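Reviewing the structure listed below.
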Amino acid sequence: MDKRLYNVGLIVLVDMLGFALIIPLLAFFADSFGASAFQTGLLVASYAAMQMISAPILGRISDRFGRRPVFLISIFGTIVGFLILGFAQSLWMLFLSRILSGLTAGNISVAQAYIADITDEKNRARGMGLFGAAFGVGFILGPAMGSILSQFGFDVPSFVAAGLAFINFLAVFYWLPESLTEERRAELQSQEKKDISFKALLAALRRPLVGPLLWIRFGFSIAFNSFQTVFPLYVLYKFELGAQEAGYILTYIGVVLVIMQGGAIGPLSERFKESNLLVTFLAFSLVGMIGWAAAPSIIWLLVALLPMSVGAGSFNALINSAISKAVGPEEIGGMLGFGAGMESSTRVVMPAVASYLLGAYGPEMPGIMGSIVLVVVVVYAYRQLLPKSKMVSV
């Protein structure tokens with residue numbers, strides 16, 4: 001496998017470590033400045049809202065000027081955002097740090113575009129799986145590191161995260177070569193400039209190849225974020241578990257995600273068409289979501305989370321691979337950016353929606369809503385992808 005894949009995987013791992021160090025502590029950091037629950041919710045949503053806006057723009061810029069410059073710009077913005085967070089003396093500084101970090105959060109979609117550049121269609125899903133595994137390992141280790149470091153003050157994890165981002169900046173600057181050749185960049189820049197407006201997103205959603213894939217990713221994100229955003233509250237309300245027990249269960253999910261994305265996706269994508277795998281793993285996610293909603297015990301919950309984790313871990317690698325194959329090389333970064341932006345939009349809205357359903361109607365309601373959404377997504381994916389499986393075949 002191309003050595004650059006491991007280089008970019010390591011960069012994603014370090015990037016995710018820094019990100020995951022901070023996320024579990026934001027609510028406590030905000031509380032230390034007297035933030036209300038509503039203000040804390042806005043703080044969390046501000047990052048996703050800014051990323052929703054910036055991801056397509058940074059993706060398009062990387063299509064025209066190369067992945068490496070956008071990597072460096074986005075990582076530099078992350079460093080500044082973490083430093084502001086560490087030095088914060090008021091709530092508005094917390095908001096400034098998250099807004100800046102969100103606006104420059106092009107690392108993930110650009111990393112996916114980089115992988116698409118250096119893999120052929122046969123190995124694309126394997127490359128995206130390696131990316132997902134690095135992402136998952138960072139998300140497993142980051143919260144634990146953040147919890148340990150927070151004992152010395154909430155500013156310490158912020159500075160450590162800034163240090164990790166600085167290591168990433170140096171790694172990209174010195175060791176990560178540009179994935180687009182000079183000839184290819186010149187060719188892309190000479191072509192018609194691609195729009196990055198909301199109108200362009202609507203046009204992409206109407207396209208016969210990539211449009212259904214974007215809609216499927218959006219629907220899955222709605223369902224999965226209804227789970228992800230309220231899971232700690234769910235286990236507290238339904239099973240009276242604390243933060244530590246919830247963390248163990250999330251680690252269990254993360255381990256399954258890493259195994260699927262890092263080890264299983266490559267061989268599976270070589271044997272079966274991506275369209276068939278996408279529908280299959282969406283169905284796995286649906287089974288797990290229904291099990292989550294109906295779980296009467298911890299054992300039942302752990303069993304239900306296995307197919308959900310298998311489905312989610314596999315789906316994320318496959319959908320990005322399929323999107324990158326459904327467009328020309330000059331659009332890969334921008335289209336993956338559109339997908340990331342749509343996913344970010346669900347992380348703006350779903351925390352409030354799922355939390356309201358849980359509080360007003362019971363802890364099983366977010367799972368019921370997610371199951372209904374996934375039923376629609378599975379049916380839509382079956383109708384759109386399987387009759388036309390050759391569109392995204394391996």
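Here's how to read the names in the structure tokens: chain A, B, ... by the order shown, residue numbers from 1 in each chain, ligand numbers from 1 in the order shown.
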### Task
Write out as a count of residues only each polymer residue whose atoms come within 12 Å of Ile249 in chain A, counting only C-alpha atoms; drop sequence neighbours fewer than 2 positions from it.
27
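Interatomic distance, CA of Met50 in chain A against CA of Ala354 in chain A: 20.9 Å.
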Show me, as a short mmCIF file (atom, residue, chain, number, x, y, z; two decimals) with C-alpha atoms, in the first residue's frame, the residues that have an atom within 8 Å of Gln51 in chain A when counting only C-alpha atoms, minus same-chain residues fewer than 6 positions from it.
```
data_model
loop_
_atom_site.label_atom_id
_atom_site.label_comp_id
_atom_site.auth_asym_id
_atom_site.auth_seq_id
_atom_site.Cartn_x
_atom_site.Cartn_y
_atom_site.Cartn_z
CA GLY A 102 -14.96 25.30 12.63
CA LEU A 103 -14.20 27.73 9.81
CA THR A 104 -10.79 26.16 9.24
CA ALA A 105 -11.88 22.55 9.84
CA GLY A 106 -10.97 21.37 6.37
CA GLY A 341 -21.08 20.13 5.22
CA SER A 344 -22.20 18.95 9.92
#
```
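With distances restricted to only C-alpha atoms, A:Met52 is the closest residue to Gly339 in chain A from A:Met289, A:Met52, A:Leu257, A:Ala326.
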Near Phe166 in chain A, counting only C-alpha atoms, which residues have an atom at most 8 Å away, once you skip same-chain residues fewer than 3 positions from it, shown as a PDB file with C-alpha atoms, in the first residue's frame?
```
ATOM      1  CA  ILE A  75      -4.229  23.024  10.737  1.00  0.00           C
ATOM      2  CA  PHE A  76      -2.899  26.514  11.452  1.00  0.00           C
ATOM      3  CA  ILE A  79      -3.721  25.657  16.398  1.00  0.00           C
ATOM      4  CA  ALA A 162      -2.598  22.887  20.231  1.00  0.00           C
ATOM      5  CA  GLY A 163       0.720  21.066  20.586  1.00  0.00           C
ATOM      6  CA  PHE A 169       1.522  21.151  10.876  1.00  0.00           C
ATOM      7  CA  LEU A 170       5.197  20.140  10.875  1.00  0.00           C
TER       8      LEU A 170
END
```
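Look at Ser371 in chain A: the protein and nucleic acid residues within 9 Å of it, using only C-alpha atoms and passing over chain neighbours fewer than 5 places away, are Ala223, Ser285, Leu286, Val287, Gly288, Met289, Ile290, Ala293, Pro366 and Val376 of chain A.
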May I have the selected residues written with C-alpha atoms, as a JSON list (two decimals), in the first residue's frame?
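Ended up saving to out-v4.json:
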```json
[["chain", "number", "residue", "atom", "x", "y", "z"],
["A", 223, "ALA", "CA", -30.22, 8.96, 12.31],
["A", 285, "SER", "CA", -27.36, 0.06, 11.25],
["A", 286, "LEU", "CA", -31.16, -0.10, 11.13],
["A", 287, "VAL", "CA", -31.22, -3.37, 13.08],
["A", 288, "GLY", "CA", -28.93, -1.85, 15.70],
["A", 289, "MET", "CA", -30.97, 1.35, 15.92],
["A", 290, "ILE", "CA", -34.19, -0.60, 16.49],
["A", 293, "ALA", "CA", -34.67, 1.94, 20.96],
["A", 366, "PRO", "CA", -34.48, 9.29, 19.80],
["A", 376, "VAL", "CA", -36.56, 5.59, 4.72]]
```
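Comparing A:Gly328, A:Ala111, A:Leu13, A:Ala340 by their smallest distance to Ser62 in chain A, the closest is A:Ala111 (using only C-alpha atoms).
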Show which residues sit within 8 Å of range 21-32 of chain A, as a PDB file with N, CA and C atoms, in the first residue's frame. Count only C-alpha atoms, and ignore same-chain residues fewer than 4 positions away.
```pdb
ATOM      1  N   LEU A  17      -7.017  13.042  17.765  1.00  0.00           N
ATOM      2  CA  LEU A  17      -6.651  13.041  19.179  1.00  0.00           C
ATOM      3  C   LEU A  17      -6.861  14.425  19.783  1.00  0.00           C
ATOM      4  N   SER A  36     -25.207  29.017  30.528  1.00  0.00           N
ATOM      5  CA  SER A  36     -26.451  28.270  30.708  1.00  0.00           C
ATOM      6  C   SER A  36     -26.419  27.032  29.809  1.00  0.00           C
ATOM      7  N   THR A  40     -24.385  26.578  26.294  1.00  0.00           N
ATOM      8  CA  THR A  40     -23.485  25.448  26.064  1.00  0.00           C
ATOM      9  C   THR A  40     -23.860  24.718  24.787  1.00  0.00           C
ATOM     10  N   VAL A  44     -21.438  24.197  21.405  1.00  0.00           N
ATOM     11  CA  VAL A  44     -21.163  22.933  20.720  1.00  0.00           C
ATOM     12  C   VAL A  44     -21.592  23.021  19.256  1.00  0.00           C
ATOM     13  N   LEU A  91     -16.641  33.691  28.278  1.00  0.00           N
ATOM     14  CA  LEU A  91     -17.418  32.809  27.422  1.00  0.00           C
ATOM     15  C   LEU A  91     -17.265  33.177  25.956  1.00  0.00           C
ATOM     16  N   LEU A  94     -14.466  31.454  24.322  1.00  0.00           N
ATOM     17  CA  LEU A  94     -14.759  30.063  23.973  1.00  0.00           C
ATOM     18  C   LEU A  94     -15.471  29.993  22.625  1.00  0.00           C
ATOM     19  N   GLY A 142      -8.649   9.958  22.669  1.00  0.00           N
ATOM     20  CA  GLY A 142      -8.726  11.379  22.993  1.00  0.00           C
ATOM     21  C   GLY A 142      -9.491  11.700  24.268  1.00  0.00           C
ATOM     22  N   PRO A 143     -10.743  11.205  24.419  1.00  0.00           N
ATOM     23  CA  PRO A 143     -11.496  11.534  25.636  1.00  0.00           C
ATOM     24  C   PRO A 143     -10.800  11.081  26.916  1.00  0.00           C
ATOM     25  N   ALA A 144     -10.167   9.893  26.871  1.00  0.00           N
ATOM     26  CA  ALA A 144      -9.458   9.413  28.067  1.00  0.00           C
ATOM     27  C   ALA A 144      -8.292  10.336  28.406  1.00  0.00           C
ATOM     28  N   MET A 145      -7.534  10.743  27.399  1.00  0.00           N
ATOM     29  CA  MET A 145      -6.425  11.667  27.627  1.00  0.00           C
ATOM     30  C   MET A 145      -6.924  13.003  28.160  1.00  0.00           C
ATOM     31  N   GLY A 146      -8.031  13.476  27.594  1.00  0.00           N
ATOM     32  CA  GLY A 146      -8.594  14.745  28.046  1.00  0.00           C
ATOM     33  C   GLY A 146      -9.043  14.696  29.489  1.00  0.00           C
ATOM     34  N   SER A 147      -9.665  13.569  29.878  1.00  0.00           N
ATOM     35  CA  SER A 147     -10.114  13.432  31.266  1.00  0.00           C
ATOM     36  C   SER A 147      -8.941  13.465  32.235  1.00  0.00           C
ATOM     37  N   SER A 150      -7.468  17.057  32.332  1.00  0.00           N
ATOM     38  CA  SER A 150      -8.351  18.072  32.913  1.00  0.00           C
ATOM     39  C   SER A 150      -8.185  18.182  34.424  1.00  0.00           C
ATOM     40  N   PHE A 154      -8.784  23.002  32.953  1.00  0.00           N
ATOM     41  CA  PHE A 154      -9.360  22.842  31.625  1.00  0.00           C
ATOM     42  C   PHE A 154      -8.487  23.446  30.530  1.00  0.00           C
ATOM     43  N   PRO A 157      -5.671  20.576  28.635  1.00  0.00           N
ATOM     44  CA  PRO A 157      -5.991  19.829  27.412  1.00  0.00           C
ATOM     45  C   PRO A 157      -5.988  20.703  26.163  1.00  0.00           C
ATOM     46  N   SER A 158      -6.391  21.965  26.305  1.00  0.00           N
ATOM     47  CA  SER A 158      -6.400  22.870  25.151  1.00  0.00           C
ATOM     48  C   SER A 158      -4.989  23.096  24.625  1.00  0.00           C
ATOM     49  N   ALA A 161      -3.727  19.939  23.005  1.00  0.00           N
ATOM     50  CA  ALA A 161      -4.336  19.808  21.680  1.00  0.00           C
ATOM     51  C   ALA A 161      -3.659  20.741  20.676  1.00  0.00           C
TER      52      ALA A 161
END
```
### Message
Could you list, as a PyMOL selection string, every residue within 10 Å of Glu270 in chain A, counting only C-alpha atoms and ignoring same-chain residues fewer than 5 positions away?
### Response
chain A and resi 122-123+125-126+265+394
